[in-house]
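One file, final.csv, carrying CSV, C-alpha atoms and all ligand atoms:
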```
chain,number,residue,atom,x,y,z
A,32,MET,CA,48.7,107.8,47.7
A,33,MET,CA,50.7,109.6,50.4
A,34,LYS,CA,51.7,107.8,53.6
A,35,ILE,CA,51.4,110.0,56.6
A,36,GLY,CA,53.0,109.3,60.0
A,37,ALA,CA,51.8,111.4,63.0
A,38,ILE,CA,54.3,111.3,65.7
A,39,GLN,CA,52.6,111.4,69.1
A,40,MET,CA,55.5,112.4,71.2
A,41,LYS,CA,56.0,112.7,75.0
A,42,VAL,CA,57.6,116.1,75.3
A,43,ALA,CA,59.8,116.6,78.3
A,44,LEU,CA,59.3,120.1,79.8
A,45,LYS,CA,62.4,122.3,79.3
A,46,LYS,CA,64.6,119.2,78.4
A,47,THR,CA,65.7,120.4,75.0
A,48,GLU,CA,68.6,118.0,74.4
A,49,HIS,CA,66.4,115.0,75.3
A,50,ASN,CA,63.6,116.2,73.0
A,51,TYR,CA,65.8,116.8,70.0
A,52,ASN,CA,67.3,113.3,70.5
A,53,ASN,CA,63.9,111.7,71.0
A,54,ALA,CA,62.4,113.5,67.9
A,55,GLU,CA,65.3,112.2,65.8
A,56,VAL,CA,64.7,108.6,67.0
A,57,LEU,CA,61.0,109.0,66.2
A,58,LEU,CA,61.6,110.5,62.8
A,59,ARG,CA,63.9,107.7,61.9
A,60,LYS,CA,61.2,105.2,63.0
A,61,ALA,CA,58.7,107.0,60.8
A,62,ALA,CA,61.0,106.8,57.9
A,63,GLU,CA,61.6,103.1,58.4
A,64,ALA,CA,57.8,102.7,58.3
A,65,GLY,CA,57.9,104.2,54.8
A,66,VAL,CA,56.2,107.5,55.4
A,67,ASP,CA,56.1,110.2,52.8
A,68,VAL,CA,55.4,112.8,55.5
A,69,ALA,CA,56.2,112.8,59.2
A,70,VAL,CA,54.5,115.2,61.5
A,71,LEU,CA,55.7,116.4,65.0
A,72,PRO,CA,53.5,118.0,67.7
A,73,GLU,CA,53.4,121.6,68.9
A,74,MET,CA,56.4,122.9,71.0
A,75,TRP,CA,58.1,119.5,70.8
A,76,SER,CA,61.6,120.9,71.7
A,77,GLY,CA,60.7,122.3,75.2
A,78,GLY,CA,57.1,121.9,76.0
A,79,PHE,CA,54.2,124.4,76.0
A,80,LEU,CA,55.9,127.1,78.1
A,81,THR,CA,54.3,130.6,78.3
A,82,GLU,CA,55.7,133.0,80.9
A,83,GLU,CA,58.2,130.4,82.1
A,84,LEU,CA,60.0,130.3,78.7
A,85,GLU,CA,63.6,131.0,79.5
A,86,ASP,CA,65.7,132.7,76.8
A,87,GLN,CA,67.9,129.6,76.2
A,88,LEU,CA,64.9,127.5,75.4
A,89,ALA,CA,63.9,129.8,72.4
A,90,ASP,CA,65.6,128.9,69.1
A,91,VAL,CA,67.0,132.1,67.7
A,92,ASP,CA,65.6,132.5,64.2
A,93,GLY,CA,64.8,128.8,64.3
A,94,GLN,CA,68.4,128.1,63.3
A,95,ARG,CA,68.8,124.8,65.3
A,96,THR,CA,65.4,123.5,64.3
A,97,LYS,CA,65.7,124.3,60.6
A,98,ALA,CA,69.2,122.7,60.5
A,99,PHE,CA,67.8,119.6,62.4
A,100,LEU,CA,64.7,119.2,60.2
A,101,SER,CA,66.6,119.9,57.0
A,102,ARG,CA,69.4,117.3,57.8
A,103,LEU,CA,66.9,114.5,58.7
A,104,ALA,CA,64.5,115.2,55.8
A,105,GLU,CA,67.3,115.0,53.3
A,106,GLU,CA,69.0,112.0,54.9
A,107,LEU,CA,65.8,110.0,55.3
A,108,CYS,CA,64.3,111.4,52.1
A,109,ILE,CA,61.0,112.3,53.8
A,110,ASN,CA,59.0,115.5,54.1
A,111,ILE,CA,58.7,116.7,57.7
A,112,VAL,CA,56.0,119.0,59.1
A,113,GLY,CA,58.0,120.1,62.1
A,114,GLY,CA,55.3,120.7,64.6
A,115,SER,CA,56.3,123.9,66.3
A,116,VAL,CA,59.1,125.2,68.6
A,117,ALA,CA,59.5,128.4,70.6
A,118,THR,CA,61.6,130.9,68.5
A,119,LYS,CA,63.1,134.3,69.1
A,120,LYS,CA,63.1,136.7,66.1
A,121,GLY,CA,64.6,140.0,67.0
A,122,GLU,CA,63.2,140.8,70.5
A,123,LYS,CA,60.0,138.8,70.0
A,124,TYR,CA,59.1,135.3,70.7
A,125,PHE,CA,56.9,133.2,68.4
A,126,ASN,CA,55.4,129.7,68.3
A,127,THR,CA,56.8,128.7,64.9
A,128,SER,CA,56.4,125.7,62.6
A,129,TYR,CA,58.9,124.8,59.9
A,130,ILE,CA,58.3,122.4,57.0
A,131,ALA,CA,61.1,120.6,55.3
A,132,ASN,CA,60.9,118.8,52.0
A,133,ARG,CA,62.7,115.6,50.9
A,134,ALA,CA,65.6,117.6,49.5
A,135,GLY,CA,66.1,119.2,52.9
A,136,ASP,CA,64.8,122.6,51.9
A,137,ILE,CA,62.8,124.6,54.4
A,138,ILE,CA,59.8,125.3,52.3
A,139,ALA,CA,57.5,127.1,54.8
A,140,GLU,CA,57.5,128.8,58.1
A,141,TYR,CA,54.4,129.6,60.1
A,142,ASP,CA,53.9,131.6,63.3
A,143,LYS,CA,50.8,130.7,65.3
A,144,THR,CA,48.4,133.5,64.7
A,145,HIS,CA,45.8,132.9,67.4
A,146,LEU,CA,47.6,132.7,70.8
A,147,PHE,CA,46.0,130.7,73.6
A,148,SER,CA,45.2,133.5,76.1
A,149,PHE,CA,43.4,131.0,78.4
A,150,GLY,CA,46.9,129.6,79.1
A,151,GLY,CA,48.7,133.0,79.0
A,152,GLU,CA,50.5,132.4,75.7
A,153,GLU,CA,50.0,136.0,74.6
A,154,LYS,CA,51.9,137.3,77.6
A,155,LYS,CA,55.2,135.9,76.2
A,156,TYR,CA,54.7,135.4,72.5
A,157,SER,CA,53.7,137.6,69.6
A,158,PRO,CA,51.2,136.4,67.0
A,159,GLY,CA,52.0,135.8,63.4
A,160,ASP,CA,49.7,137.4,60.8
A,161,GLN,CA,50.1,135.2,57.7
A,162,LEU,CA,48.1,132.2,56.4
A,163,VAL,CA,50.7,129.7,55.3
A,164,THR,CA,50.3,127.1,52.6
A,165,PHE,CA,52.9,124.8,50.9
A,166,GLN,CA,53.1,121.9,48.7
A,167,ILE,CA,54.3,118.4,49.7
A,168,ASP,CA,55.0,116.1,46.8
A,169,GLY,CA,52.8,118.3,44.7
A,170,VAL,CA,49.8,118.3,47.1
A,171,ASP,CA,48.5,121.6,48.5
A,172,CYS,CA,48.7,121.7,52.3
A,173,GLY,CA,48.2,124.1,55.1
A,174,ILE,CA,49.0,124.4,58.8
A,175,ILE,CA,47.4,125.8,61.9
A,176,ILE,CA,48.6,125.2,65.5
A,177,CYS,CA,46.6,123.7,68.3
A,178,TYR,CA,44.2,126.3,69.8
A,179,GLU,CA,43.6,127.5,66.2
A,180,VAL,CA,41.4,124.6,65.5
A,181,ARG,CA,38.8,126.5,67.5
A,182,PHE,CA,38.7,129.1,64.8
A,183,PRO,CA,36.7,127.7,61.9
A,184,GLU,CA,37.2,130.9,59.8
A,185,TRP,CA,40.9,130.4,59.8
A,186,CYS,CA,40.6,126.8,58.7
A,187,ARG,CA,38.0,127.7,56.0
A,188,LYS,CA,40.6,130.2,54.7
A,189,GLN,CA,43.0,127.3,54.3
A,190,ALA,CA,40.4,125.4,52.3
A,191,LEU,CA,39.6,128.4,50.2
A,192,ALA,CA,43.4,128.9,49.6
A,193,GLY,CA,43.4,125.3,48.1
A,194,SER,CA,44.7,123.2,51.0
A,195,LYS,CA,43.7,119.6,50.7
A,196,ILE,CA,45.5,118.5,53.9
A,197,LEU,CA,45.4,120.6,57.1
A,198,PHE,CA,48.1,119.8,59.6
A,199,VAL,CA,47.3,120.6,63.3
A,200,PRO,CA,50.2,120.0,65.6
A,201,ALA,CA,49.2,120.5,69.3
A,202,GLU,CA,50.0,120.2,73.0
A,203,TRP,CA,46.3,119.7,74.1
A,204,PRO,CA,45.5,118.7,77.6
A,205,LEU,CA,43.5,115.7,78.7
A,206,GLU,CA,40.8,117.8,80.5
A,207,ARG,CA,39.5,119.0,77.1
A,208,VAL,CA,40.1,115.9,75.1
A,209,SER,CA,36.4,115.8,73.9
A,210,HIS,CA,36.8,119.3,72.3
A,211,TRP,CA,40.0,118.1,70.6
A,212,ARG,CA,38.4,115.2,68.9
A,213,ILE,CA,35.2,116.9,68.0
A,214,LEU,CA,36.8,120.1,66.7
A,215,ASN,CA,39.3,118.3,64.5
A,216,GLN,CA,36.6,116.1,63.0
A,217,ALA,CA,34.4,119.1,62.5
A,218,ARG,CA,37.1,121.0,60.6
A,219,ALA,CA,37.6,118.0,58.3
A,220,ILE,CA,33.9,117.5,57.7
A,221,GLU,CA,33.0,121.2,57.0
A,222,ASN,CA,36.0,121.8,54.8
A,223,GLN,CA,36.0,118.4,53.2
A,224,MET,CA,39.8,118.1,53.7
A,225,PHE,CA,42.2,115.7,55.4
A,226,VAL,CA,43.0,116.8,58.9
A,227,ILE,CA,46.2,115.4,60.5
A,228,CYS,CA,46.1,116.4,64.2
A,229,VAL,CA,49.2,115.4,66.2
A,230,ASN,CA,49.2,115.9,69.9
A,231,GLY,CA,51.7,115.4,72.7
A,232,CYS,CA,51.0,112.7,75.3
A,233,GLY,CA,51.8,111.7,78.9
A,234,GLU,CA,52.3,113.5,82.2
A,235,ILE,CA,53.9,116.8,81.6
A,236,VAL,CA,54.0,118.1,85.2
A,237,PRO,CA,52.5,116.2,88.1
A,238,ASN,CA,48.9,115.4,87.4
A,239,LYS,CA,48.9,117.4,84.2
A,240,PHE,CA,48.5,115.2,81.1
A,241,ASN,CA,48.5,115.8,77.4
A,242,ALA,CA,45.7,114.1,75.7
A,243,GLY,CA,47.3,112.1,73.0
A,244,ASN,CA,44.4,111.1,70.7
A,245,SER,CA,46.3,112.1,67.6
A,246,MET,CA,44.2,111.3,64.5
A,247,ILE,CA,44.3,111.1,60.7
A,248,ILE,CA,40.9,112.2,59.5
A,249,ASN,CA,39.5,112.0,55.9
A,250,PRO,CA,37.4,114.6,54.1
A,251,ARG,CA,34.2,112.9,55.3
A,252,GLY,CA,35.3,113.1,58.9
A,253,GLU,CA,36.1,109.4,59.2
A,254,ILE,CA,39.1,108.6,61.3
A,255,LEU,CA,41.7,106.6,59.3
A,256,ALA,CA,44.2,106.2,62.2
A,257,ASP,CA,43.7,107.0,65.9
A,258,ALA,CA,46.2,106.9,68.8
A,259,GLY,CA,43.1,106.8,71.1
A,260,GLU,CA,43.4,107.3,74.8
A,261,LEU,CA,46.7,105.4,75.1
A,262,PRO,CA,49.0,107.9,76.8
A,263,GLN,CA,52.2,106.6,75.3
A,264,GLU,CA,54.4,107.7,72.5
A,265,MET,CA,53.5,106.2,69.1
A,266,ILE,CA,53.5,106.8,65.4
A,267,ILE,CA,50.1,106.4,63.8
A,268,LEU,CA,50.2,105.7,60.1
A,269,SER,CA,47.7,106.0,57.2
A,270,ASP,CA,47.8,106.3,53.5
A,271,VAL,CA,45.8,109.2,52.2
A,272,ASP,CA,44.3,109.3,48.8
A,273,ILE,CA,44.1,113.0,47.8
A,274,SER,CA,41.5,112.4,45.1
A,275,GLU,CA,39.1,111.8,48.0
A,276,VAL,CA,39.0,115.6,48.5
A,277,ALA,CA,37.6,116.3,45.0
A,278,ASN,CA,35.3,113.2,45.1
A,279,THR,CA,33.8,114.3,48.5
A,280,ARG,CA,33.4,117.9,47.3
A,281,ASN,CA,31.9,116.9,44.0
A,282,LYS,CA,29.3,114.7,45.7
A,283,MET,CA,28.2,117.2,48.4
A,284,THR,CA,28.9,120.6,46.9
A,285,ILE,CA,29.4,122.7,50.0
A,286,PHE,CA,31.9,125.0,48.4
A,287,HIS,CA,29.4,125.7,45.5
A,288,ASP,CA,26.4,126.1,47.9
A,289,ARG,CA,28.0,128.4,50.5
A,290,ARG,CA,26.7,131.9,50.5
A,291,ALA,CA,29.9,134.0,50.3
A,292,ASP,CA,27.6,137.0,49.5
A,293,LEU,CA,26.1,136.7,53.1
A,294,TYR,CA,29.2,136.0,55.1
A,301,LIG,N1,48.6,124.8,73.1
A,301,LIG,C1,47.4,125.3,72.9
A,301,LIG,O1,47.1,126.1,72.0
A,301,LIG,C2,46.4,124.7,73.9
A,301,LIG,C3,45.0,124.8,73.3
A,301,LIG,C4,43.9,124.3,74.3
A,301,LIG,O2,44.3,123.6,75.3
A,301,LIG,C5,42.5,124.5,74.0
A,301,LIG,O3,42.2,125.2,73.0
A,301,LIG,O4,41.7,124.0,74.8
```
Let's see the structure in the file written out as structure tokens.
Ligand SMILES: NC(=O)CCC(=O)C(=O)O
Amino acid sequence: MMKIGAIQMKVALKKTEHNYNNAEVLLRKAAEAGVDVAVLPEMWSGGFLTEELEDQLADVDGQRTKAFLSRLAEELCINIVGGSVATKKGEKYFNTSYIANRAGDIIAEYDKTHLFSFGGEEKKYSPGDQLVTFQIDGVDCGIIICYEVRFPEWCRKQALAGSKILFVPAEWPLERVSHWRILNQARAIENQMFVICVNGCGEIVPNKFNAGNSMIINPRGEILADAGELPQEMIILSDVDISEVANTRNKMTIFHDRRADLY
């Protein structure tokens, strides 16, 4: 069993100091609740900024974020899937996730590969070009970021690479909340994997809300924990039993029956 805590955080736009402090409070609460893994949402340090991203809001080479996650992961002895933050690497900006293990090592780094052009993300950021998998306490895991849940091929690649848990940090708005719920459940069902989708919540700018609705979903698409429509910050918790992935796949043999020769 692995206990997962999905941290549905209210990210304050451009208020970096506030967000780092708040993330630390929430990570400490998750650790007190006994989680093995705590997960933050997308762009938790400054909000989902596209063209308005100012240079001082981008973490150069992720130095501050890596040090922050590493310090807390080691001190609290938990694994942290660090949502994502805006980073600057060389002259380019990325939407980057870092993952820290219990020893405080940064074990993976993922740059969002499908940028949200509907929101202008590609005008500021460069896309990553690598699928990233990692192990948490010996379990194979993968990560995509927000909009990428609309790309079933990318999620299928995660499953084919062996991921049993797919983490989906997001800053997804309320107006498309039905897509958020359906897509995350669909990715869990079709790939017979756990999906941990962690969204921001609350009013971000006047009359613009993030949807909350963070969920922990099992390989049959059943929702084990659900933040529901409540717009407030919360940590949803669930134990996940990784043997359910093999059990589900052995009962309904989708990976055996798929026609890789045709598509
Ligand atoms: N941050 C995002 O990638 C937003 C995605 C979104 O709102 C959508 O796909 O709809």
### Message
Hey, which residues sit close to ligand LIG 301 (chain A)? Say within 9 Å, counting only C-alpha atoms and all ligand atoms, and write them as a count of residues only.
### Response
27
### Task
Using only C-alpha atoms, give me every residue within 8 Å of (44.2, 130.7, 60.3) in file coordinates, as a list in words.
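Those within range, by chain then number, are Thr144, His145, Gln161, Leu162, Ile175, Glu179, Phe182, Glu184, Trp185, Cys186, Lys188 and Gln189 of chain A.
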### Query
Between A:Arg187, A:Lys154, A:Arg102, A:Lys97, which has the minimum distance to Tyr129 (chain A) (counting only C-alpha atoms)?
A:Lys97
### Message
Please list as a list in words every residue within 8 Å of Ser101 (chain A), counting all atoms listed in the file and excluding residues in the same chain fewer than 5 positions away.
### Response
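Answer for this query is Ala131, Asn132, Ala134, Gly135, Asp136 and Ile137 of chain A.
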#### Entry: Distance query 6 Å from (47.7, 106.4, 64.1) using all atoms listed in the file, result as a list in words
Ala256, Asp257, Ala258, Ile266, Ile267 and Leu268 of chain A
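Taking CA of Ala54 (chain A) and CA of Asn241 (chain A) as the two end points, the separation is 17.0 Å.
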### Query
Between A:Met224, A:Asn215, A:Gly159, A:Arg133, which one has atoms that come closest to Ser194 (chain A), using all atoms listed in the file?
A:Met224
List the neighbours of region 63-72 of chain A out to 8 Å using all atoms listed in the file; skip same-chain residues closer than 2 positions along the sequence, and give me the result as a short mmCIF file (atom, residue, chain, number, x, y, z; two decimals) with C-alpha atoms, keeping the file's coordinate frame.
```cif
data_model
loop_
_atom_site.label_atom_id
_atom_site.label_comp_id
_atom_site.auth_asym_id
_atom_site.auth_seq_id
_atom_site.Cartn_x
_atom_site.Cartn_y
_atom_site.Cartn_z
CA MET A 33 50.70 109.60 50.40
CA LYS A 34 51.70 107.80 53.60
CA ILE A 35 51.40 110.00 56.60
CA GLY A 36 53.00 109.30 60.00
CA ALA A 37 51.80 111.40 63.00
CA ILE A 38 54.30 111.30 65.70
CA GLN A 39 52.60 111.40 69.10
CA MET A 40 55.50 112.40 71.20
CA ALA A 54 62.40 113.50 67.90
CA LEU A 58 61.60 110.50 62.80
CA ARG A 59 63.90 107.70 61.90
CA LYS A 60 61.20 105.20 63.00
CA ALA A 61 58.70 107.00 60.80
CA MET A 74 56.40 122.90 71.00
CA TRP A 75 58.10 119.50 70.80
CA ILE A 109 61.00 112.30 53.80
CA ASN A 110 59.00 115.50 54.10
CA ILE A 111 58.70 116.70 57.70
CA VAL A 112 56.00 119.00 59.10
CA GLY A 113 58.00 120.10 62.10
CA GLY A 114 55.30 120.70 64.60
CA SER A 115 56.30 123.90 66.30
CA PRO A 200 50.20 120.00 65.60
CA ALA A 201 49.20 120.50 69.30
CA GLU A 202 50.00 120.20 73.00
CA VAL A 229 49.20 115.40 66.20
CA ASN A 230 49.20 115.90 69.90
CA GLY A 231 51.70 115.40 72.70
CA LEU A 268 50.20 105.70 60.10
#
```
### Task
Tell me which of A:Ile130, A:Leu84, A:Ala192, A:Ala277 sits closest to Arg251 (chain A), counting all atoms listed in the file.
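Ranking A:Ile130, A:Leu84, A:Ala192, A:Ala277 by distance to Arg251 (chain A), first place goes to A:Ala277.
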### Message
Neighbouring residues of Gly93 (chain A) were defined as those with any atom within 12 Å, considering only C-alpha atoms; residues of the same chain fewer than 4 positions away were excluded. Please report them as a ChimeraX atom specification.
### Response
/A:76,88-89,97-101,113,115-121,124-130,137,140-142
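For the pair CA of Glu253 (chain A) and CA of Asp168 (chain A), the interatomic distance is 23.6 Å.
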## Note on the structure
Counting all atoms listed in the file, the residue among A:Pro183, A:Gly233, A:Lys195, A:Arg290 that lies closest to Arg218 (chain A) is A:Pro183
### Task
Counting all atoms listed in the file, figure out which residue out of A:Leu261, A:Val170, A:Ile220, A:Leu197 gets nearest to Phe240 (chain A).
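So, comparing all the options, the nearest one is A:Leu261.
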### Query
Between A:Arg289, A:Lys155, A:Asn238, A:Ser245, which is the closest to Phe198 (chain A) once you count only C-alpha atoms?
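When distances to Phe198 (chain A) are compared using only C-alpha atoms, the smallest one comes from A:Ser245.
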### Message
Between CA of Glu105 (chain A) and CA of Ile167 (chain A), what distance in Å does the model show, to one decimal?
### Response
13.9 Å
Need to verify the contact set: Asn281 (chain A), 12 Å, all atoms listed in the file, exclusion of same-chain residues closer than 6 positions in sequence. Can you return it as a PDB file with C-alpha atoms, in the frame of the given file?
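Contents of part_23.pdb, as written:
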```pdb
ATOM      1  CA  GLN A 223      36.000 118.400  53.200  1.00  0.00           C
ATOM      2  CA  PRO A 250      37.400 114.600  54.100  1.00  0.00           C
ATOM      3  CA  SER A 274      41.500 112.400  45.100  1.00  0.00           C
ATOM      4  CA  GLU A 275      39.100 111.800  48.000  1.00  0.00           C
ATOM      5  CA  HIS A 287      29.400 125.700  45.500  1.00  0.00           C
ATOM      6  CA  ASP A 288      26.400 126.100  47.900  1.00  0.00           C
TER       7      ASP A 288
END
```
Dump of region 200-223 of chain A from preceding block, N, CA and C atoms, as a tab-separated table (two decimals), in the first residue's frame:
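What landed in part_1.tsv:
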```
chain	number	residue	atom	x	y	z
A	200	PRO	N	-0.51	16.95	-12.38
A	200	PRO	CA	-0.71	18.26	-11.75
A	200	PRO	C	-1.31	19.23	-12.76
A	201	ALA	N	-2.17	20.16	-12.27
A	201	ALA	CA	-2.89	21.03	-13.20
A	201	ALA	C	-3.27	22.35	-12.55
A	202	GLU	N	-3.57	23.31	-13.43
A	202	GLU	CA	-4.27	24.55	-13.06
A	202	GLU	C	-5.40	24.65	-14.09
A	203	TRP	N	-6.48	23.94	-13.82
A	203	TRP	CA	-7.56	23.75	-14.81
A	203	TRP	C	-8.75	24.59	-14.40
A	204	PRO	N	-9.28	25.37	-15.33
A	204	PRO	CA	-10.35	26.31	-14.92
A	204	PRO	C	-11.72	25.65	-14.79
A	205	LEU	N	-12.53	26.34	-14.00
A	205	LEU	CA	-13.87	25.83	-13.70
A	205	LEU	C	-14.73	25.66	-14.95
A	206	GLU	N	-14.54	26.52	-15.94
A	206	GLU	CA	-15.46	26.45	-17.09
A	206	GLU	C	-15.34	25.13	-17.86
A	207	ARG	N	-14.23	24.41	-17.70
A	207	ARG	CA	-14.10	23.12	-18.40
A	207	ARG	C	-13.96	21.96	-17.41
A	208	VAL	N	-14.62	22.11	-16.27
A	208	VAL	CA	-14.46	21.10	-15.22
A	208	VAL	C	-14.95	19.72	-15.67
A	209	SER	N	-15.99	19.69	-16.53
A	209	SER	CA	-16.50	18.38	-16.95
A	209	SER	C	-15.43	17.64	-17.77
A	210	HIS	N	-14.70	18.39	-18.61
A	210	HIS	CA	-13.60	17.76	-19.38
A	210	HIS	C	-12.56	17.17	-18.42
A	211	TRP	N	-12.22	17.97	-17.42
A	211	TRP	CA	-11.19	17.56	-16.45
A	211	TRP	C	-11.54	16.21	-15.82
A	212	ARG	N	-12.77	16.09	-15.36
A	212	ARG	CA	-13.15	14.86	-14.66
A	212	ARG	C	-13.20	13.68	-15.63
A	213	ILE	N	-13.82	13.92	-16.79
A	213	ILE	CA	-13.99	12.82	-17.75
A	213	ILE	C	-12.64	12.35	-18.29
A	214	LEU	N	-11.79	13.30	-18.67
A	214	LEU	CA	-10.51	12.92	-19.29
A	214	LEU	C	-9.63	12.14	-18.31
A	215	ASN	N	-9.57	12.59	-17.07
A	215	ASN	CA	-8.73	11.88	-16.09
A	215	ASN	C	-9.26	10.47	-15.83
A	216	GLN	N	-10.58	10.35	-15.74
A	216	GLN	CA	-11.13	9.00	-15.54
A	216	GLN	C	-10.88	8.13	-16.77
A	217	ALA	N	-11.02	8.73	-17.95
A	217	ALA	CA	-10.80	7.96	-19.18
A	217	ALA	C	-9.36	7.46	-19.27
A	218	ARG	N	-8.40	8.33	-18.92
A	218	ARG	CA	-6.99	7.91	-18.99
A	218	ARG	C	-6.73	6.75	-18.02
A	219	ALA	N	-7.38	6.78	-16.86
A	219	ALA	CA	-7.21	5.68	-15.90
A	219	ALA	C	-7.82	4.40	-16.46
A	220	ILE	N	-9.02	4.50	-17.01
A	220	ILE	CA	-9.73	3.31	-17.50
A	220	ILE	C	-8.99	2.69	-18.68
A	221	GLU	N	-8.62	3.53	-19.68
A	221	GLU	CA	-8.07	2.94	-20.90
A	221	GLU	C	-6.65	2.40	-20.68
A	222	ASN	N	-5.95	2.98	-19.72
A	222	ASN	CA	-4.57	2.51	-19.45
A	222	ASN	C	-4.50	1.59	-18.24
A	223	GLN	N	-5.61	1.41	-17.56
A	223	GLN	CA	-5.67	0.53	-16.40
A	223	GLN	C	-4.54	0.87	-15.43
```
